[in-house]
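Heads up, data-v3.csv below (CSV, C-alpha atoms):
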```csv
chain,number,residue,atom,x,y,z
U,1,MET,CA,88.0,121.6,107.3
U,2,HIS,CA,90.3,118.6,107.4
U,3,VAL,CA,92.0,118.0,110.7
U,4,GLU,CA,95.1,115.8,110.3
U,5,LEU,CA,95.6,113.4,113.2
U,6,VAL,CA,99.1,112.2,114.1
U,7,SER,CA,99.3,108.8,115.7
U,8,ILE,CA,101.2,108.8,119.1
U,9,LEU,CA,102.5,105.5,120.4
U,10,GLY,CA,100.9,104.4,123.6
U,11,LYS,CA,100.8,101.4,125.9
U,12,ILE,CA,98.3,98.6,125.4
U,13,LEU,CA,97.1,96.8,128.5
U,14,PRO,CA,97.9,93.1,128.4
U,15,LEU,CA,94.4,92.1,129.3
U,16,PRO,CA,91.2,93.7,128.0
U,17,VAL,CA,88.7,95.0,130.5
U,18,VAL,CA,85.1,94.1,129.7
U,19,PHE,CA,82.7,97.1,129.7
U,20,ALA,CA,79.0,97.7,129.0
U,21,ALA,CA,78.2,94.1,129.8
U,22,VAL,CA,74.6,94.3,128.6
U,23,VAL,CA,72.8,91.7,126.6
U,24,ALA,CA,72.0,93.1,123.1
U,25,THR,CA,68.4,94.0,122.5
U,26,SER,CA,66.3,91.1,121.3
U,27,GLY,CA,63.6,91.0,118.7
U,28,SER,CA,63.4,90.6,115.0
U,29,VAL,CA,66.1,92.3,112.9
U,30,THR,CA,65.7,93.2,109.3
U,31,ALA,CA,69.0,92.7,107.6
U,32,SER,CA,69.6,94.0,104.1
U,33,GLU,CA,71.4,91.3,102.1
U,34,SER,CA,73.5,93.9,100.2
U,35,LEU,CA,75.0,95.2,103.5
U,36,SER,CA,76.0,91.8,104.8
U,37,GLY,CA,79.7,91.1,104.9
U,38,THR,CA,82.9,92.5,106.3
U,39,TRP,CA,83.8,96.2,106.1
U,40,GLN,CA,87.0,98.0,106.9
U,41,LEU,CA,86.8,101.5,108.5
U,42,ILE,CA,88.5,104.2,106.5
U,43,GLU,CA,87.4,107.4,108.2
U,44,PHE,CA,84.9,109.2,110.4
U,45,ARG,CA,84.0,112.7,109.0
U,46,SER,CA,82.4,114.9,111.6
U,47,MET,CA,80.2,117.8,110.5
U,48,SER,CA,81.9,119.9,113.1
U,49,ASP,CA,84.9,121.8,111.9
U,50,ALA,CA,86.4,121.6,115.3
U,51,ASP,CA,86.5,117.7,115.1
U,52,GLY,CA,87.1,117.3,111.3
U,53,VAL,CA,88.2,113.9,110.0
U,54,SER,CA,89.4,111.0,112.1
U,55,ARG,CA,91.2,107.9,110.6
U,56,PRO,CA,92.3,104.7,112.2
U,57,PRO,CA,96.1,104.5,112.6
U,58,GLU,CA,96.0,101.0,111.1
U,59,PRO,CA,92.8,100.6,109.0
U,60,ALA,CA,93.3,96.8,108.6
U,61,THR,CA,92.7,96.4,112.4
U,62,TYR,CA,89.3,98.2,112.3
U,63,LYS,CA,86.7,95.9,110.7
U,64,MET,CA,82.9,95.4,111.0
U,65,THR,CA,81.1,92.2,110.1
U,66,LEU,CA,77.4,92.5,109.5
U,67,ARG,CA,75.8,89.0,109.4
U,68,ASP,CA,72.5,88.0,107.7
U,69,ASP,CA,71.0,87.0,111.1
U,70,GLY,CA,71.2,90.6,112.3
U,71,THR,CA,74.3,90.2,114.5
U,72,ALA,CA,77.3,92.5,114.2
U,73,GLN,CA,80.9,91.9,115.2
U,74,MET,CA,83.6,94.6,115.3
U,75,GLU,CA,87.4,94.6,115.5
U,76,LEU,CA,88.4,98.0,116.9
U,77,GLY,CA,92.1,98.2,117.1
U,78,CYS,CA,93.0,96.3,120.3
U,79,ASN,CA,89.3,95.9,121.3
U,80,GLN,CA,86.3,94.0,120.1
U,81,ALA,CA,82.6,94.6,120.2
U,82,SER,CA,79.4,92.7,119.3
U,83,GLY,CA,75.7,93.4,119.1
U,84,SER,CA,72.9,93.7,116.6
U,85,TRP,CA,72.1,95.8,113.5
U,86,SER,CA,69.1,96.4,111.3
U,87,ALA,CA,68.5,98.1,108.0
U,88,ASN,CA,65.4,99.2,106.1
U,89,PRO,CA,66.0,100.2,102.4
U,90,GLY,CA,64.3,103.3,101.1
U,91,VAL,CA,63.1,103.8,97.6
U,92,ARG,CA,66.5,102.5,96.4
U,93,ASP,CA,68.3,99.6,97.9
U,94,SER,CA,71.4,101.6,98.0
U,95,ALA,CA,70.1,103.9,100.8
U,96,GLY,CA,67.8,103.7,103.8
U,97,GLN,CA,67.6,103.5,107.5
U,98,PHE,CA,70.2,101.8,109.6
U,99,SER,CA,70.7,101.3,113.4
U,100,PHE,CA,72.8,99.3,115.8
U,101,GLY,CA,71.4,97.6,118.9
U,102,THR,CA,73.4,97.8,122.1
U,103,LEU,CA,77.1,97.0,121.5
U,104,VAL,CA,79.0,95.0,124.0
U,105,GLY,CA,82.8,95.4,123.9
U,106,THR,CA,86.2,95.3,125.6
U,107,ARG,CA,88.1,98.3,126.7
U,108,ALA,CA,91.8,97.8,126.5
U,109,LEU,CA,93.9,100.9,126.3
U,110,CYS,CA,94.6,101.2,122.5
U,111,ARG,CA,97.3,103.6,121.3
U,112,PRO,CA,96.0,107.1,120.3
U,113,PRO,CA,94.1,108.3,118.5
U,114,ARG,CA,91.3,106.3,120.2
U,115,ILE,CA,89.2,105.6,117.2
U,116,ASP,CA,87.7,102.6,119.0
U,117,GLU,CA,86.2,104.9,121.6
U,118,LEU,CA,84.8,107.1,118.9
U,119,VAL,CA,83.1,104.2,117.1
U,120,MET,CA,81.6,102.9,120.4
U,121,ARG,CA,80.4,106.3,121.4
U,122,GLN,CA,78.8,107.3,118.1
U,123,ALA,CA,77.4,103.9,117.0
U,124,ALA,CA,74.2,104.6,119.0
U,125,TYR,CA,73.5,107.7,116.9
U,126,VAL,CA,73.8,106.0,113.5
U,127,ARG,CA,70.4,106.4,111.6
U,128,GLY,CA,71.1,105.9,107.9
U,129,TYR,CA,73.2,104.2,105.3
U,130,LEU,CA,74.4,104.9,101.7
U,131,LEU,CA,75.9,102.1,99.7
U,132,GLU,CA,78.2,103.3,97.0
U,133,GLY,CA,80.0,100.5,95.1
U,134,ARG,CA,82.4,99.0,97.7
U,135,TRP,CA,81.8,101.9,100.1
U,136,LEU,CA,79.3,101.9,102.9
U,137,HIS,CA,78.6,105.3,104.5
U,138,LEU,CA,76.8,105.2,107.9
U,139,THR,CA,75.3,108.6,108.8
U,140,LEU,CA,74.6,109.9,112.3
U,141,MET,CA,71.4,111.6,113.3
U,142,ALA,CA,71.0,115.4,112.9
U,143,ASP,CA,73.8,115.3,110.3
U,144,GLY,CA,76.3,114.7,113.1
U,145,GLY,CA,78.9,112.9,110.9
U,146,VAL,CA,79.6,109.9,108.6
U,147,PHE,CA,81.5,106.7,109.1
U,148,SER,CA,82.9,105.5,105.7
U,149,TRP,CA,83.8,101.8,105.4
U,150,GLN,CA,85.1,99.7,102.5
U,151,ARG,CA,84.0,96.2,101.8
U,152,VAL,CA,86.5,93.5,102.4
U,153,SER,CA,86.4,90.6,100.0
U,154,GLU,CA,88.0,87.2,100.6
U,155,GLY,CA,91.7,87.5,100.3
U,156,HIS,CA,91.4,91.3,99.8
U,157,SER,CA,91.4,94.3,102.1
U,158,ALA,CA,90.5,97.9,101.6
U,159,THR,CA,94.1,98.9,102.0
U,160,SER,CA,95.1,96.6,99.1
U,161,ASP,CA,93.2,99.1,96.9
U,162,TYR,CA,96.0,101.5,97.7
U,163,GLN,CA,98.7,99.3,96.4
U,164,SER,CA,100.3,99.8,93.0
U,165,PRO,CA,99.4,97.5,90.1
U,166,GLU,CA,103.0,96.1,90.4
U,167,ASP,CA,102.0,95.0,93.9
U,168,GLY,CA,98.7,93.6,92.8
U,169,GLY,CA,96.6,96.7,93.3
U,170,PRO,CA,93.9,98.0,90.9
U,171,ARG,CA,95.1,99.4,87.6
U,172,ARG,CA,92.8,102.3,87.8
U,173,PHE,CA,90.8,104.3,90.3
U,174,GLU,CA,87.4,105.9,90.0
U,175,VAL,CA,86.6,109.1,91.9
U,176,LEU,CA,83.6,108.5,94.1
U,177,PRO,CA,80.4,109.6,92.4
U,178,ARG,CA,79.3,111.7,95.3
U,179,VAL,CA,82.4,113.9,95.0
U,180,SER,CA,81.8,117.1,93.0
U,181,ALA,CA,85.4,118.1,92.6
U,182,LEU,CA,88.5,116.2,93.9
U,183,ARG,CA,91.6,118.4,94.2
U,184,LEU,CA,94.8,117.2,92.5
U,185,ARG,CA,97.8,118.3,94.4
U,186,ALA,CA,101.5,118.6,93.7
U,187,GLY,CA,102.4,116.8,96.9
U,188,THR,CA,101.0,114.6,99.7
U,189,SER,CA,99.5,117.3,102.0
U,190,THR,CA,96.4,119.4,102.1
U,191,ASN,CA,98.9,122.3,102.1
U,192,SER,CA,100.4,121.2,98.7
U,193,LEU,CA,99.7,123.3,95.6
U,194,VAL,CA,96.4,122.5,93.8
U,195,ILE,CA,97.2,121.7,90.2
U,196,GLY,CA,93.9,120.5,89.0
U,197,SER,CA,90.6,118.7,89.9
U,198,TYR,CA,88.6,115.6,89.0
U,199,ARG,CA,84.8,115.2,88.9
U,200,GLY,CA,82.9,112.3,90.5
U,201,GLY,CA,83.0,109.1,88.4
U,202,GLN,CA,86.2,110.1,86.5
U,203,VAL,CA,88.6,107.2,85.9
U,204,LEU,CA,92.3,107.7,86.8
U,205,TRP,CA,95.5,105.7,86.4
U,206,ASN,CA,96.8,104.2,89.6
U,207,LEU,CA,100.5,105.2,89.8
U,208,GLY,CA,101.0,104.1,93.4
U,209,CYS,CA,100.0,105.3,96.8
U,210,VAL,CA,101.9,106.3,100.0
U,211,MET,CA,100.9,106.7,103.6
U,212,VAL,CA,101.7,110.1,105.1
U,213,GLU,CA,100.9,110.7,108.8
U,214,GLY,CA,98.2,108.0,108.8
U,215,ARG,CA,96.6,109.2,105.5
U,216,ALA,CA,96.9,107.5,102.1
U,217,TRP,CA,97.7,109.7,99.1
U,218,CYS,CA,97.6,108.3,95.6
U,219,ASP,CA,99.7,109.3,92.6
U,220,VAL,CA,97.2,109.5,89.7
U,221,GLN,CA,96.7,110.8,86.2
U,222,ALA,CA,93.6,111.0,84.0
U,223,LEU,CA,93.0,108.1,81.6
U,224,ARG,CA,93.8,110.2,78.5
U,225,GLY,CA,96.7,112.0,80.1
U,226,GLY,CA,97.1,115.4,81.6
U,227,ALA,CA,98.6,116.7,84.9
U,228,ARG,CA,100.0,114.1,87.2
U,229,GLY,CA,99.8,114.5,91.0
U,230,TYR,CA,98.3,113.3,94.3
U,231,VAL,CA,94.8,113.0,95.6
U,232,ALA,CA,93.5,111.8,99.0
U,233,ALA,CA,92.8,108.0,98.7
U,234,GLU,CA,89.6,108.0,100.7
U,235,PHE,CA,87.8,109.7,97.7
U,236,LEU,CA,88.8,106.9,95.4
U,237,GLN,CA,87.6,103.3,94.7
U,238,ALA,CA,89.0,100.6,92.5
U,239,ALA,CA,87.6,101.1,89.0
U,240,ALA,CA,85.6,98.4,87.3
U,241,GLY,CA,85.8,98.2,83.6
U,242,PRO,CA,83.0,97.9,81.1
U,243,ASP,CA,83.0,94.1,81.6
U,244,GLY,CA,82.3,94.6,85.3
U,245,ALA,CA,85.7,93.3,86.4
U,246,VAL,CA,88.2,95.3,88.5
U,247,PRO,CA,91.5,94.8,86.7
U,248,ARG,CA,94.5,94.3,89.1
U,249,GLY,CA,98.2,93.7,88.6
U,250,ILE,CA,100.3,94.5,85.6
U,251,GLU,CA,98.5,94.5,82.2
U,252,ASN,CA,100.0,92.0,79.8
U,253,SER,CA,97.9,92.0,76.7
U,254,ALA,CA,100.6,93.9,74.7
U,255,LEU,CA,103.1,91.2,75.6
U,256,ARG,CA,100.8,88.4,74.5
U,257,ALA,CA,99.9,90.2,71.3
U,258,GLY,CA,103.6,90.6,70.5
U,259,GLN,CA,104.0,86.8,71.0
U,260,GLY,CA,101.0,86.2,68.7
U,261,LYS,CA,98.9,84.8,71.6
U,262,PHE,CA,95.5,86.2,70.5
U,263,ASP,CA,92.2,85.5,72.2
U,264,ALA,CA,90.3,86.1,68.9
U,265,THR,CA,91.0,86.9,65.3
U,266,GLY,CA,88.9,88.2,62.4
U,267,SER,CA,88.5,91.2,60.1
U,268,LEU,CA,87.2,94.7,60.5
U,269,PRO,CA,86.8,97.8,58.3
U,270,CYS,CA,89.9,99.9,57.6
U,271,ALA,CA,91.4,102.4,55.2
U,272,TRP,CA,94.9,103.7,55.0
U,273,LYS,CA,94.6,106.7,52.7
U,274,VAL,CA,92.5,109.9,53.1
U,275,GLY,CA,89.2,109.5,51.1
U,276,GLN,CA,89.8,105.8,50.4
U,277,PRO,CA,86.7,103.6,51.0
U,278,THR,CA,87.1,101.0,53.7
U,279,VAL,CA,88.1,97.4,53.1
U,280,GLU,CA,88.5,94.5,55.4
U,281,CYS,CA,91.7,94.2,57.5
U,282,ARG,CA,92.6,91.1,59.4
U,283,PHE,CA,93.1,91.5,63.2
U,284,GLY,CA,94.1,89.6,66.3
U,285,VAL,CA,93.2,90.8,69.8
U,286,ALA,CA,94.8,89.9,73.1
U,287,ARG,CA,92.3,90.7,75.9
U,288,SER,CA,92.8,91.4,79.6
U,289,SER,CA,90.1,92.1,82.2
U,290,GLY,CA,88.5,95.5,82.8
U,291,GLY,CA,88.3,96.4,79.1
U,292,ASP,CA,92.1,96.3,78.5
U,293,ALA,CA,93.2,94.9,75.2
U,294,THR,CA,95.8,95.1,72.4
U,295,VAL,CA,94.6,94.9,68.8
U,296,THR,CA,97.0,94.1,66.1
U,297,LEU,CA,95.7,95.1,62.6
U,298,ILE,CA,97.2,93.7,59.4
U,299,ARG,CA,96.7,95.8,56.3
U,300,PRO,CA,96.3,94.3,52.9
U,301,ASP,CA,100.0,95.3,52.1
U,302,GLY,CA,101.1,93.2,55.1
U,303,ARG,CA,102.1,96.1,57.4
U,304,GLU,CA,100.9,96.1,61.0
U,305,ARG,CA,99.3,98.7,63.2
U,306,VAL,CA,98.8,98.1,66.9
U,307,ILE,CA,96.1,99.9,68.9
U,308,PHE,CA,96.0,99.9,72.7
U,309,PHE,CA,92.8,99.9,74.7
U,310,ALA,CA,92.2,100.6,78.4
U,311,HIS,CA,88.9,100.6,80.2
U,312,GLY,CA,87.2,99.8,76.9
U,313,LEU,CA,88.6,102.9,75.2
U,314,PRO,CA,91.2,103.3,72.5
U,315,LEU,CA,94.1,105.4,73.9
U,316,SER,CA,97.1,105.1,71.6
U,317,ALA,CA,98.7,103.3,68.6
U,318,SER,CA,102.1,102.1,67.7
U,319,THR,CA,104.2,104.0,65.2
U,320,SER,CA,107.5,103.2,63.5
U,321,GLU,CA,110.6,105.4,63.8
U,322,ALA,CA,110.2,106.3,60.1
U,323,GLU,CA,106.6,107.5,60.7
U,324,GLY,CA,107.5,109.6,63.6
U,325,SER,CA,104.6,110.8,65.8
U,326,LEU,CA,101.3,110.4,64.0
U,327,PRO,CA,98.2,112.2,65.3
U,328,PHE,CA,95.8,109.8,67.1
U,329,GLN,CA,92.1,110.5,67.2
U,330,ALA,CA,89.2,108.3,68.5
U,331,ASN,CA,85.5,108.7,69.1
U,332,SER,CA,82.7,106.3,69.8
U,333,GLU,CA,79.2,105.9,68.6
U,334,GLY,CA,77.2,103.3,70.4
U,335,ASP,CA,79.3,100.1,70.5
U,336,LEU,CA,81.6,101.2,67.7
U,337,HIS,CA,85.0,103.0,68.0
U,338,PHE,CA,86.1,105.1,65.0
U,339,ILE,CA,89.9,105.5,65.2
U,340,ARG,CA,92.3,107.6,63.1
U,341,VAL,CA,96.1,107.1,63.1
U,342,GLY,CA,97.4,109.7,60.8
U,343,PRO,CA,95.6,109.1,57.4
U,344,GLU,CA,94.5,105.6,58.5
U,345,ARG,CA,91.0,104.8,59.6
U,346,TYR,CA,89.7,101.8,61.6
U,347,GLU,CA,86.3,100.8,62.9
U,348,VAL,CA,86.6,98.6,66.0
U,349,PRO,CA,83.4,97.2,67.8
U,350,ASP,CA,83.2,96.7,71.5
U,351,ALA,CA,82.9,93.0,71.0
U,352,VAL,CA,86.4,92.8,69.8
U,353,ILE,CA,87.7,94.4,73.0
U,354,VAL,CA,85.6,92.6,75.7
U,355,GLY,CA,84.3,89.6,73.7
U,356,GLY,CA,80.8,88.5,73.1
```
Render the structure in this file as structure tokens.
Amino acid sequence: MHVELVSILGKILPLPVVFAAVVATSGSVTASESLSGTWQLIEFRSMSDADGVSRPPEPATYKMTLRDDGTAQMELGCNQASGSWSANPGVRDSAGQFSFGTLVGTRALCRPPRIDELVMRQAAYVRGYLLEGRWLHLTLMADGGVFSWQRVSEGHSATSDYQSPEDGGPRRFEVLPRVSALRLRAGTSTNSLVIGSYRGGQVLWNLGCVMVEGRAWCDVQALRGGARGYVAAEFLQAAAGPDGAVPRGIENSALRAGQGKFDATGSLPCAWKVGQPTVECRFGVARSSGGDATVTLIRPDGRERVIFFAHGLPLSASTSEAEGSLPFQANSEGDLHFIRVGPERYEVPDAVIVGG
């Protein structure tokens, strides 16, 4: 059950009051290098239906820095806390044991909901971690709940992942692999009509996100089309392309291809009639990060066909007004894409799209 929390403005004391003034426990601390860095709190999900999900009213003000020397520093709204942490990886580095030492913090009266109090109260019960891309999930003992944090890179915050590409956000989202089925809704509420669902790992277009009562909802659509609607943002992460890069901002390869500004040129197999054996067609490719590219193909008769790639996959092709709407088909075998545009056939290797 999801419990929606509505932020209520409250007064913040002008001076913080120090509490729990206890020196953090000493001794050696085992710090997993993969966990070091700064993380932004997105939500706490209690296993109790009565408590449900709690989210910071302003996620950017809730951060946790885990240092290599085993010390931890937290920004919790209008409060701060510090202490120690330790982690012991299991069979996989992406999961294992995790615990905080004594946390020492301030206790100003932050505005409700008091997520700072929740973090301080539950931190002592953290016993494990799961690292999932840019997500760090800290689990409580006895399945009491899960804190979900997103890694903050230099010049980047977790909330910037919820911006549209026009504002510098990621071009695409990936549904978190741990999610079995993410509901696609017609509106920005858990009461909105369910119009579809996505499996974990599925890649979606980022069409912009909005904040509604402290929760981010993202307008999305599957990579190859389909129903368009809203999903809860906390189940998404910025999608990295086949080259490992997370493409952000507006994609401009089509513009550069139209201007003849190609990153590479060459030839590849093509045929423009049914049953015709393939010959070599010249091409030029304008590449962008994340597997986005525009390939301009020049047939032996001088006519052009433009094929558009996103996330390393062929999605569509240009057609003239005289041609109308030609059927587009594509399938991949290994590192080779077999593409049909009406009666035409093209064979495009991955190396054309991502280089190499």
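Look at region 330-334 of chain U: the protein and nucleic acid residues within 10 Å of it, using all atoms listed in the file and passing over chain neighbours fewer than 6 places away, are U:Leu313, U:Pro314, U:Leu315, U:Ser316, U:Arg340, U:Val341, U:Arg345, U:Tyr346, U:Glu347, U:Val348, U:Pro349, U:Asp350.
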For Ala95 (chain U), work out the shell of residues within 8 Å, counting all atoms listed in the file and skipping chain neighbours fewer than 3 positions away, then give it as a list in words.
-> Pro89, Gly90, Val91, Arg92, Gly128, Tyr129, Leu130 and Leu131 of chain U
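When all atoms listed in the file are used to measure the gap to Arg178 (chain U), the shortest distance among U:Leu236, U:Glu166, U:Gly196, U:Met141 belongs to U:Leu236.
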For Gly101 (chain U), which residue among U:Asn252, U:Asn79, U:Gln329, U:Thr71 is the nearest when counting all atoms listed in the file?
-> U:Thr71
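Closest approach to Tyr230 (chain U) among U:Gln259, U:Thr190, U:Ser54, U:Ser267: U:Thr190, based on only C-alpha atoms.
Rounded to one decimal, CA of Asn191 (chain U) and CA of Ala233 (chain U) lie 15.9 Å from each other.
Separating CA of Asp243 (chain U) from CA of Gly208 (chain U) is a distance of 23.7 Å.
Within 7 Å of the point (87.1, 105.8, 115.4) in file coordinates, and counting all atoms listed in the file, lie the residues U:Phe44, U:Ser54, U:Arg55, U:Pro56, U:Arg114, U:Ile115, U:Asp116, U:Glu117, U:Leu118, U:Val119.
Shortest separation to Gly302 (chain U) among U:Ala142, U:Cys281, U:Val126, U:Val179 occurs at residue U:Cys281, atoms counted being all atoms listed in the file.
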Pull the neighbourhood of (94.5, 99.5, 108.6) for me: all residues within 12 Å in file coordinates, counting only C-alpha atoms, as a count of residues only.
-> 31
Skip Phe308 (chain U) itself and residues of its chain fewer than 3 positions away, then list as a PyMOL selection string all residues within 10 Å of it, counting all atoms listed in the file.
-> chain U and resi 253-254+285+292-296+312-318+353
Got time to write the residues from that selection, C-alpha atoms, as an mmCIF file, in the coordinates of the input?
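And here is the file that came out, again_17.cif:
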```
data_model
loop_
_atom_site.group_PDB
_atom_site.id
_atom_site.type_symbol
_atom_site.label_atom_id
_atom_site.label_comp_id
_atom_site.auth_asym_id
_atom_site.auth_seq_id
_atom_site.Cartn_x
_atom_site.Cartn_y
_atom_site.Cartn_z
ATOM 1 C CA SER U 253 97.900 92.000 76.700
ATOM 2 C CA ALA U 254 100.600 93.900 74.700
ATOM 3 C CA VAL U 285 93.200 90.800 69.800
ATOM 4 C CA ASP U 292 92.100 96.300 78.500
ATOM 5 C CA ALA U 293 93.200 94.900 75.200
ATOM 6 C CA THR U 294 95.800 95.100 72.400
ATOM 7 C CA VAL U 295 94.600 94.900 68.800
ATOM 8 C CA THR U 296 97.000 94.100 66.100
ATOM 9 C CA GLY U 312 87.200 99.800 76.900
ATOM 10 C CA LEU U 313 88.600 102.900 75.200
ATOM 11 C CA PRO U 314 91.200 103.300 72.500
ATOM 12 C CA LEU U 315 94.100 105.400 73.900
ATOM 13 C CA SER U 316 97.100 105.100 71.600
ATOM 14 C CA ALA U 317 98.700 103.300 68.600
ATOM 15 C CA SER U 318 102.100 102.100 67.700
ATOM 16 C CA ILE U 353 87.700 94.400 73.000
#
```
